[in-house]
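Quick look at protein.cif (mmCIF, C-alpha atoms):
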```cif
data_query
loop_
_atom_site.group_PDB
_atom_site.id
_atom_site.type_symbol
_atom_site.label_atom_id
_atom_site.label_comp_id
_atom_site.auth_asym_id
_atom_site.auth_seq_id
_atom_site.Cartn_x
_atom_site.Cartn_y
_atom_site.Cartn_z
ATOM 1 C CA MET A 1 105.296 54.211 128.618
ATOM 2 C CA LYS A 2 102.172 56.367 128.778
ATOM 3 C CA LYS A 3 103.527 58.151 131.827
ATOM 4 C CA ARG A 4 106.808 58.837 130.022
ATOM 5 C CA ASP A 5 104.931 60.333 127.076
ATOM 6 C CA GLU A 6 102.954 62.512 129.471
ATOM 7 C CA GLU A 7 106.162 63.719 131.094
ATOM 8 C CA MET A 8 107.634 64.557 127.716
ATOM 9 C CA ASP A 9 104.478 66.421 126.762
ATOM 10 C CA ASP A 10 104.643 68.408 129.986
ATOM 11 C CA GLN A 11 108.287 69.256 129.346
ATOM 12 C CA LYS A 12 107.517 70.325 125.770
ATOM 13 C CA TRP A 13 104.597 72.469 126.922
ATOM 14 C CA PHE A 14 106.807 74.135 129.551
ATOM 15 C CA ASN A 15 109.588 74.767 127.024
ATOM 16 C CA ASP A 16 107.135 76.328 124.563
ATOM 17 C CA GLN A 17 105.419 78.520 127.096
ATOM 18 C CA PHE A 18 108.155 79.433 129.578
ATOM 19 C CA LYS A 19 111.736 78.578 128.648
ATOM 20 C CA ASP A 20 112.593 81.600 126.482
ATOM 21 C CA LYS A 21 110.710 84.019 128.700
ATOM 22 C CA ILE A 22 112.487 82.826 131.824
ATOM 23 C CA THR A 23 115.863 82.963 130.073
ATOM 24 C CA ARG A 24 115.155 86.554 129.036
ATOM 25 C CA PHE A 25 114.117 87.353 132.596
ATOM 26 C CA ASP A 26 117.440 85.873 133.784
ATOM 27 C CA ASP A 27 119.437 87.904 131.281
ATOM 28 C CA LEU A 28 117.622 91.092 132.210
ATOM 29 C CA HIS A 29 118.276 90.646 135.918
ATOM 30 C CA ALA A 30 121.873 89.417 135.714
ATOM 31 C CA PRO A 31 123.690 90.592 138.867
ATOM 32 C CA LEU A 32 126.950 92.488 139.131
ATOM 33 C CA ILE A 33 129.475 89.895 140.229
ATOM 34 C CA PRO A 34 131.737 91.070 143.078
ATOM 35 C CA SER A 35 135.491 90.963 142.480
ATOM 36 C CA SER A 36 137.664 87.930 143.275
ATOM 37 C CA GLN A 37 139.206 89.893 146.114
ATOM 38 C CA GLN A 38 135.799 90.400 147.733
ATOM 39 C CA PHE A 39 135.109 86.669 147.529
ATOM 40 C CA ASP A 40 138.542 85.913 149.023
ATOM 41 C CA GLU A 41 137.802 88.280 151.895
ATOM 42 C CA LEU A 42 134.354 86.774 152.467
ATOM 43 C CA VAL A 43 135.723 83.232 152.648
ATOM 44 C CA HIS A 44 138.675 84.218 154.841
ATOM 45 C CA ALA A 45 136.574 86.311 157.263
ATOM 46 C CA HIS A 46 133.864 83.676 157.607
ATOM 47 C CA LYS A 47 136.371 80.870 158.174
ATOM 48 C CA GLN A 48 138.074 82.929 160.887
ATOM 49 C CA GLU A 49 134.773 83.808 162.541
ATOM 50 C CA ARG A 50 133.742 80.158 162.458
ATOM 51 C CA SER A 51 136.994 78.989 163.961
ATOM 52 C CA ARG A 52 136.763 81.617 166.752
ATOM 53 C CA LYS A 53 133.221 80.404 167.503
ATOM 54 C CA LEU A 54 134.338 76.768 167.646
ATOM 55 C CA TRP A 55 137.199 77.606 170.045
ATOM 56 C CA LYS A 56 134.760 79.510 172.270
ATOM 57 C CA GLU A 57 132.378 76.550 172.298
ATOM 58 C CA LEU A 58 135.223 74.169 173.125
ATOM 59 C CA LEU A 59 136.341 76.388 176.011
ATOM 60 C CA LEU A 60 132.771 76.583 177.336
ATOM 61 C CA PHE A 61 132.505 72.805 177.086
ATOM 62 C CA TRP A 62 135.701 72.291 179.124
ATOM 63 C CA ILE A 63 134.642 74.809 181.764
ATOM 64 C CA THR A 64 131.239 73.103 182.132
ATOM 65 C CA ALA A 65 132.852 69.646 182.193
ATOM 66 C CA CYS A 66 135.307 70.718 184.932
ATOM 67 C CA PHE A 67 132.465 72.228 186.966
ATOM 68 C CA VAL A 68 130.307 69.084 186.695
ATOM 69 C CA PHE A 69 133.256 66.811 187.476
ATOM 70 C CA GLY A 70 134.186 68.912 190.528
ATOM 71 C CA LEU A 71 130.591 68.872 191.744
ATOM 72 C CA MET A 72 130.414 65.089 191.412
ATOM 73 C CA LEU A 73 133.680 64.618 193.346
ATOM 74 C CA TRP A 74 132.357 66.901 196.071
ATOM 75 C CA ILE A 75 129.098 64.901 196.316
ATOM 76 C CA ILE A 76 130.958 61.544 196.417
ATOM 77 C CA GLU A 77 133.048 62.818 199.281
ATOM 78 C CA ARG A 78 130.034 64.026 201.259
ATOM 79 C CA ASN A 79 127.393 61.346 200.596
ATOM 80 C CA TRP A 80 127.475 58.168 198.458
ATOM 81 C CA VAL A 81 123.675 57.743 198.469
ATOM 82 C CA TRP A 82 123.057 61.199 197.072
ATOM 83 C CA PHE A 83 125.673 60.558 194.417
ATOM 84 C CA ALA A 84 123.849 57.352 193.316
ATOM 85 C CA ILE A 85 120.463 59.129 193.269
ATOM 86 C CA LEU A 86 121.865 61.987 191.214
ATOM 87 C CA GLN A 87 123.520 59.608 188.749
ATOM 88 C CA THR A 88 120.227 57.708 188.289
ATOM 89 C CA ILE A 89 118.277 60.913 187.693
ATOM 90 C CA VAL A 90 120.836 62.193 185.177
ATOM 91 C CA ALA A 91 120.885 58.844 183.303
ATOM 92 C CA ALA A 92 117.062 58.666 183.190
ATOM 93 C CA GLY A 93 116.856 62.317 182.058
ATOM 94 C CA GLY A 94 119.395 61.638 179.318
ATOM 95 C CA MET A 95 117.446 58.651 178.047
ATOM 96 C CA VAL A 96 114.133 60.564 178.033
ATOM 97 C CA PHE A 97 115.761 63.481 176.211
ATOM 98 C CA ALA A 98 117.373 61.207 173.611
ATOM 99 C CA SER A 99 114.145 59.304 172.921
ATOM 100 C CA MET A 100 112.167 62.562 172.621
ATOM 101 C CA ALA A 101 114.713 64.033 170.216
ATOM 102 C CA PHE A 102 114.692 60.821 168.159
ATOM 103 C CA SER A 103 110.877 60.657 167.931
ATOM 104 C CA ARG A 104 110.698 64.356 166.999
ATOM 105 C CA ARG A 105 113.168 63.762 164.177
ATOM 106 C CA ARG A 106 111.184 60.784 162.874
ATOM 107 C CA GLN A 107 107.973 62.783 163.028
ATOM 108 C CA ARG A 108 109.585 65.576 161.011
ATOM 109 C CA GLU A 109 110.835 63.118 158.401
ATOM 110 C CA TRP A 110 107.344 61.638 158.140
ATOM 111 C CA LYS A 111 105.717 65.056 157.780
ATOM 112 C CA SER A 112 108.112 66.247 155.089
ATOM 113 C CA MET B 1 141.579 77.203 132.785
ATOM 114 C CA TYR B 2 138.563 76.672 135.055
ATOM 115 C CA ASP B 3 138.520 73.062 136.267
ATOM 116 C CA GLU B 4 135.593 72.549 138.634
ATOM 117 C CA SER B 5 136.400 69.074 139.938
ATOM 118 C CA LYS B 6 139.968 70.109 140.778
ATOM 119 C CA LEU B 7 138.776 73.258 142.535
ATOM 120 C CA VAL B 8 136.158 71.256 144.480
ATOM 121 C CA LYS B 9 138.828 68.823 145.710
ATOM 122 C CA GLN B 10 141.095 71.688 146.759
ATOM 123 C CA ALA B 11 138.232 73.519 148.477
ATOM 124 C CA ILE B 12 137.253 70.398 150.437
ATOM 125 C CA ARG B 13 140.888 70.086 151.581
ATOM 126 C CA GLY B 14 140.645 73.637 152.977
ATOM 127 C CA ASP B 15 141.971 75.811 150.143
ATOM 128 C CA SER B 16 140.195 79.152 150.643
ATOM 129 C CA ARG B 17 141.273 80.509 147.245
ATOM 130 C CA ALA B 18 139.730 77.533 145.435
ATOM 131 C CA LEU B 19 136.499 77.904 147.395
ATOM 132 C CA SER B 20 136.232 81.620 146.680
ATOM 133 C CA GLU B 21 136.801 80.960 142.970
ATOM 134 C CA LEU B 22 134.045 78.336 142.971
ATOM 135 C CA LEU B 23 131.655 80.689 144.753
ATOM 136 C CA ARG B 24 132.441 83.533 142.359
ATOM 137 C CA GLU B 25 131.894 81.267 139.368
ATOM 138 C CA HIS B 26 128.454 80.241 140.658
ATOM 139 C CA TYR B 27 127.339 83.605 142.062
ATOM 140 C CA SER B 28 125.326 84.685 139.048
ATOM 141 C CA PHE B 29 123.712 81.261 138.578
ATOM 142 C CA LEU B 30 122.723 81.114 142.239
ATOM 143 C CA TYR B 31 121.343 84.649 142.346
ATOM 144 C CA GLN B 32 119.292 84.122 139.190
ATOM 145 C CA TYR B 33 117.857 80.887 140.586
ATOM 146 C CA LEU B 34 116.917 82.621 143.823
ATOM 147 C CA LEU B 35 115.411 85.587 142.009
ATOM 148 C CA LYS B 36 113.072 83.264 140.141
ATOM 149 C CA VAL B 37 112.205 81.412 143.331
ATOM 150 C CA THR B 38 111.584 84.501 145.468
ATOM 151 C CA MET B 39 110.679 87.078 142.780
ATOM 152 C CA ASN B 40 112.280 89.588 145.124
ATOM 153 C CA LYS B 41 115.675 91.210 144.473
ATOM 154 C CA SER B 42 116.693 92.007 148.034
ATOM 155 C CA ARG B 43 115.554 88.638 149.344
ATOM 156 C CA ALA B 44 117.414 86.893 146.512
ATOM 157 C CA GLU B 45 120.582 88.841 147.432
ATOM 158 C CA ASP B 46 120.170 88.001 151.134
ATOM 159 C CA ILE B 47 119.694 84.306 150.530
ATOM 160 C CA THR B 48 122.554 84.221 148.016
ATOM 161 C CA GLN B 49 124.801 85.633 150.738
ATOM 162 C CA ASP B 50 123.463 83.167 153.340
ATOM 163 C CA THR B 51 123.943 80.267 150.923
ATOM 164 C CA MET B 52 127.556 81.276 150.357
ATOM 165 C CA LEU B 53 128.199 81.444 154.103
ATOM 166 C CA LYS B 54 126.572 78.039 154.606
ATOM 167 C CA ALA B 55 128.697 76.636 151.779
ATOM 168 C CA ILE B 56 131.868 77.976 153.436
ATOM 169 C CA GLU B 57 130.837 76.278 156.699
ATOM 170 C CA LYS B 58 129.829 72.967 155.138
ATOM 171 C CA ILE B 59 132.349 72.562 152.326
ATOM 172 C CA THR B 60 134.222 69.796 154.184
ATOM 173 C CA ALA B 61 130.973 67.772 154.287
ATOM 174 C CA PHE B 62 130.492 68.076 150.501
ATOM 175 C CA GLN B 63 131.237 64.678 148.995
ATOM 176 C CA GLY B 64 131.455 65.813 145.395
ATOM 177 C CA LYS B 65 128.915 63.227 144.210
ATOM 178 C CA SER B 66 126.726 65.917 142.685
ATOM 179 C CA LYS B 67 127.757 69.042 140.808
ATOM 180 C CA PHE B 68 128.763 72.008 142.951
ATOM 181 C CA SER B 69 125.868 74.028 141.486
ATOM 182 C CA THR B 70 123.394 71.295 142.518
ATOM 183 C CA TRP B 71 124.752 71.381 146.053
ATOM 184 C CA LEU B 72 124.390 75.176 146.181
ATOM 185 C CA ILE B 73 120.833 74.992 144.829
ATOM 186 C CA ALA B 74 119.948 72.424 147.505
ATOM 187 C CA ILE B 75 121.286 74.695 150.268
ATOM 188 C CA ALA B 76 119.547 77.744 148.804
ATOM 189 C CA SER B 77 116.198 75.968 148.357
ATOM 190 C CA ARG B 78 116.209 74.762 151.954
ATOM 191 C CA LEU B 79 117.008 78.277 153.165
ATOM 192 C CA VAL B 80 114.071 79.644 151.152
ATOM 193 C CA ILE B 81 111.719 76.993 152.541
ATOM 194 C CA ASP B 82 112.913 77.676 156.111
ATOM 195 C CA ARG B 83 112.300 81.400 155.682
ATOM 196 C CA VAL B 84 108.810 80.807 154.294
ATOM 197 C CA ARG B 85 107.988 78.477 157.215
ATOM 198 C CA ARG B 86 109.194 81.045 159.714
ATOM 199 C CA SER B 87 107.086 83.915 158.354
ATOM 200 C CA GLU B 88 103.348 83.918 158.992
ATOM 201 C CA VAL B 89 101.154 82.667 156.172
ATOM 202 C CA GLU B 90 99.076 85.790 155.644
ATOM 203 C CA GLN B 91 102.014 88.145 155.960
ATOM 204 C CA HIS B 92 103.993 85.962 153.579
ATOM 205 C CA TRP B 93 101.234 86.082 150.969
ATOM 206 C CA LEU B 94 101.107 89.882 151.166
ATOM 207 C CA LYS B 95 104.884 90.129 150.844
ATOM 208 C CA GLU B 96 104.841 87.821 147.806
ATOM 209 C CA GLU B 97 102.227 89.997 146.132
ATOM 210 C CA GLN B 98 104.274 93.144 146.757
ATOM 211 C CA SER B 99 107.493 91.514 145.551
ATOM 212 C CA LEU B 100 105.834 90.298 142.370
ATOM 213 C CA ARG B 101 104.519 93.796 141.662
ATOM 214 C CA ALA B 102 107.964 95.308 142.292
ATOM 215 C CA ILE B 103 109.857 92.898 140.026
ATOM 216 C CA ARG B 104 107.184 93.314 137.356
ATOM 217 C CA PHE B 105 107.613 97.103 137.525
ATOM 218 C CA GLU B 106 111.379 96.786 137.288
ATOM 219 C CA THR B 107 111.178 94.434 134.307
ATOM 220 C CA LEU B 108 108.819 96.778 132.488
ATOM 221 C CA GLN B 109 111.055 99.764 133.293
ATOM 222 C CA SER B 110 114.002 97.984 131.714
ATOM 223 C CA GLY B 111 112.023 97.979 128.487
ATOM 224 C CA ASP B 112 111.183 94.292 128.494
ATOM 225 C CA GLU B 113 107.699 92.817 128.580
ATOM 226 C CA TRP B 114 106.172 91.126 131.610
ATOM 227 C CA SER B 115 104.587 88.107 130.024
ATOM 228 C CA ASP B 116 101.583 86.121 131.220
ATOM 229 C CA ALA B 117 103.970 83.214 131.666
ATOM 230 C CA LEU B 118 106.099 85.117 134.201
ATOM 231 C CA GLN B 119 102.972 86.352 135.982
ATOM 232 C CA ALA B 120 101.628 82.797 136.220
ATOM 233 C CA LEU B 121 104.962 81.506 137.488
ATOM 234 C CA GLY B 122 105.174 84.307 140.041
ATOM 235 C CA GLN B 123 101.742 83.462 141.371
ATOM 236 C CA LEU B 124 102.725 79.935 142.341
ATOM 237 C CA SER B 125 103.636 79.513 145.989
ATOM 238 C CA SER B 126 107.362 78.961 146.495
ATOM 239 C CA ASP B 127 106.957 75.339 147.653
ATOM 240 C CA ILE B 128 105.433 74.563 144.237
ATOM 241 C CA ARG B 129 107.517 76.991 142.182
ATOM 242 C CA ILE B 130 110.803 75.469 143.379
ATOM 243 C CA PRO B 131 110.175 71.890 142.116
ATOM 244 C CA VAL B 132 108.596 73.192 138.890
ATOM 245 C CA LEU B 133 111.674 75.296 138.103
ATOM 246 C CA LEU B 134 114.095 72.559 139.114
ATOM 247 C CA LYS B 135 112.342 69.957 136.970
ATOM 248 C CA TYR B 136 111.289 71.798 133.865
ATOM 249 C CA TYR B 137 113.762 74.694 133.675
ATOM 250 C CA TYR B 138 116.919 73.199 135.178
ATOM 251 C CA GLY B 139 116.227 69.621 134.093
ATOM 252 C CA TYR B 140 116.680 67.806 137.420
ATOM 253 C CA GLY B 141 115.006 64.427 137.939
ATOM 254 C CA GLN B 142 112.259 63.871 140.503
ATOM 255 C CA ASP B 143 114.567 61.789 142.725
ATOM 256 C CA GLU B 144 117.221 64.484 142.684
ATOM 257 C CA ILE B 145 114.669 67.165 143.569
ATOM 258 C CA ALA B 146 113.362 65.016 146.423
ATOM 259 C CA SER B 147 116.825 64.670 147.925
ATOM 260 C CA MET B 148 117.666 68.329 147.323
ATOM 261 C CA LEU B 149 114.542 69.501 149.137
ATOM 262 C CA ASP B 150 114.545 66.639 151.667
ATOM 263 C CA ILE B 151 110.984 65.588 150.818
ATOM 264 C CA PRO B 152 109.516 62.280 149.534
ATOM 265 C CA VAL B 153 109.405 61.661 145.763
ATOM 266 C CA GLY B 154 105.607 61.379 146.002
ATOM 267 C CA THR B 155 105.416 64.939 147.320
ATOM 268 C CA VAL B 156 107.595 66.162 144.454
ATOM 269 C CA LYS B 157 105.304 64.423 141.940
ATOM 270 C CA SER B 158 102.151 65.909 143.415
ATOM 271 C CA ARG B 159 103.695 69.401 143.587
ATOM 272 C CA LEU B 160 104.786 69.162 139.956
ATOM 273 C CA HIS B 161 101.329 67.977 138.937
ATOM 274 C CA ASN B 162 99.604 70.767 140.887
ATOM 275 C CA GLY B 163 102.110 73.329 139.627
ATOM 276 C CA LEU B 164 101.597 72.549 135.957
ATOM 277 C CA MET B 165 97.835 72.393 136.450
ATOM 278 C CA LYS B 166 97.852 75.874 138.015
ATOM 279 C CA LEU B 167 100.126 77.254 135.289
ATOM 280 C CA ARG B 168 97.885 75.841 132.551
ATOM 281 C CA LYS B 169 94.804 77.273 134.244
ATOM 282 C CA GLU B 170 96.393 80.720 134.674
ATOM 283 C CA LEU B 171 97.562 80.880 131.074
ATOM 284 C CA THR B 172 94.180 79.743 129.743
ATOM 285 C CA GLU B 173 92.414 82.394 131.821
ATOM 286 C CA HIS B 174 94.789 85.077 130.510
ATOM 287 C CA GLU B 175 94.234 83.964 126.923
ATOM 288 C CA GLU B 176 90.449 84.044 127.371
ATOM 289 C CA ALA B 177 90.493 87.490 129.031
#
```

Just give me the structure as structure tokens.
Amino acid sequence: MKKRDEEMDDQKWFNDQFKDKITRFDDLHAPLIPSSQQFDELVHAHKQERSRKLWKELLLFWITACFVFGLMLWIIERNWVWFAILQTIVAAGGMVFASMAFSRRRQREWKS
Amino acid sequence: MYDESKLVKQAIRGDSRALSELLREHYSFLYQYLLKVTMNKSRAEDITQDTMLKAIEKITAFQGKSKFSTWLIAIASRLVIDRVRRSEVEQHWLKEEQSLRAIRFETLQSGDEWSDALQALGQLSSDIRIPVLLKYYYGYGQDEIASMLDIPVGTVKSRLHNGLMKLRKELTEHEEA
């Protein structure tokens, strides 16, 4: 109850000291709003740019995937042992990377 | 007639016209929020533009649980915080001082007064100014601010407490001077 009163006091103090002045500041610095057409163009252009970027990324992904798959087939054909070693290294690397990324994210959440 | 919830639904479904109408409707609100947060006209314009682009990219992820303006403010606030983190502390402080002087000059030139209240608000660092404005000027709750800024509620409370304490101190000093 006491805390609620304190909060209300703080809000009242802020309103008395700042509210009108900030509103006047807002009114004084009101921006010129671009036309509807400019907003339409912005949305359209950015959506197109975004979609182009996504297609590029997808293409790059497929090229990389084909290269890796081809490499693996080539290694299987030449030497089974090397294939197993490579698979183990890749799996271990993936796990280390995932755990590091996860711990970094948790650390960031804790810090914030 | 302007119907926000209908426009939001259409925008989420991919209607570009609805999204551009929403953005236009909130442009002024967003810019004015960012001007108060940054106290710098060109930076406010830059971040307004970046916020709009982010909103275009992320509109399909918007669930419509909060108001569209709240969602935009959350994006904009995080962009401001990211920019502050990226710039060096000392350089950032100098830039803030210069920006405050520039906006003060512009306000005075427009024939309005630059009050002690605005000066005190401008002297708060942006990580404190943002929650203070969101809570006491825009009326958001502490929980909402915490989720908007992606920080714990405890941090919001302490920033609000520190912010008001600094504002009170600044205003008292000005009154005594």

Exercise on range 67-80 of chain A, axis-aligned box with 3 Å per side, report centre and edge lengths in Å to one decimal, as lines of an AutoDock Vina configuration file:
```
center_x = 130.8
center_y = 65.2
center_z = 194.0
size_x = 12.8
size_y = 20.1
size_z = 20.6
```

- Item | Picked residues, the PyMOL selection byres ((chain B) within 8 of (chain A)), expected as a list in words |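 Output from the PyMOL selection byres ((chain B) within 8 of (chain A)), applied to this file: Ser16, Arg17, Leu19, Ser20, Glu21, Leu23, Arg24, Tyr27, Ser28, Tyr31, Gln32, Leu53, Ile56, Glu57, Thr107, Ser110, Ser115, Ala117, Leu118, Tyr136, Tyr137, Asp150, Ile151, Pro152 and Leu164 of chain B.
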
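Minimum distance to Gln10 in chain B across B:Thr51, B:Ser42, B:Thr60, B:Thr172 (counting all atoms listed in the file) occurs at B:Thr60.
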
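Interatomic distance, CA of Gly70 in chain A against CA of Ala84 in chain A: 15.8 Å.
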
| message | Once the PyMOL selection byres ((chain B and resi 171) around 10) has been evaluated on this model, what residues remain selected, and can you format them as a list in words? | response |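 The output of the PyMOL selection byres ((chain B and resi 171) around 10) on this file is Gln17 of chain A; Asp116, Ala117, Gln119, Ala120, Leu121, Lys166, Leu167, Arg168, Lys169, Glu170, Thr172, Glu173, His174, Glu175, Glu176 and Ala177 of chain B.
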
The residue from B:Ile73, B:Leu35, B:Ala146, B:Leu134 with the smallest atom-to-atom distance to Met52 in chain B, counting only C-alpha atoms, is B:Ile73

| task | Report the distance between CA of Thr38 in chain B and CA of Arg78 in chain B in Å, rounded to one decimal place. | result |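 Taking CA of Thr38 in chain B as the start and CA of Arg78 in chain B as the end point, the length is 12.6 Å.
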
_Atomic distance CA of Lys135 in chain B - CA of Asp50 in chain B, expressed in Å with one decimal_ =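 Spanning CA of Lys135 in chain B to CA of Asp50 in chain B is a straight-line distance of 23.8 Å.
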
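Proximity of B:Gln49, B:Ser5, B:Gln123, B:Asn40 to Ser66 in chain B, computed with only C-alpha atoms, is greatest for B:Ser5.
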
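Nearest to Glu144 in chain B of all the residues B:Ile103, B:Leu124, B:Ser87, B:Lys67 is B:Lys67, counting all atoms listed in the file.
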
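Among the candidates B:Ala61, B:Glu97, B:Ile47, B:Asp127, the one nearest to Val84 in chain B when counting all atoms listed in the file is B:Asp127.
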
One residue among B:Ile128, B:Ala18, B:Gly122, B:Arg86 is nearest to Asp3 in chain B when using all atoms listed in the file, and that residue is B:Ala18
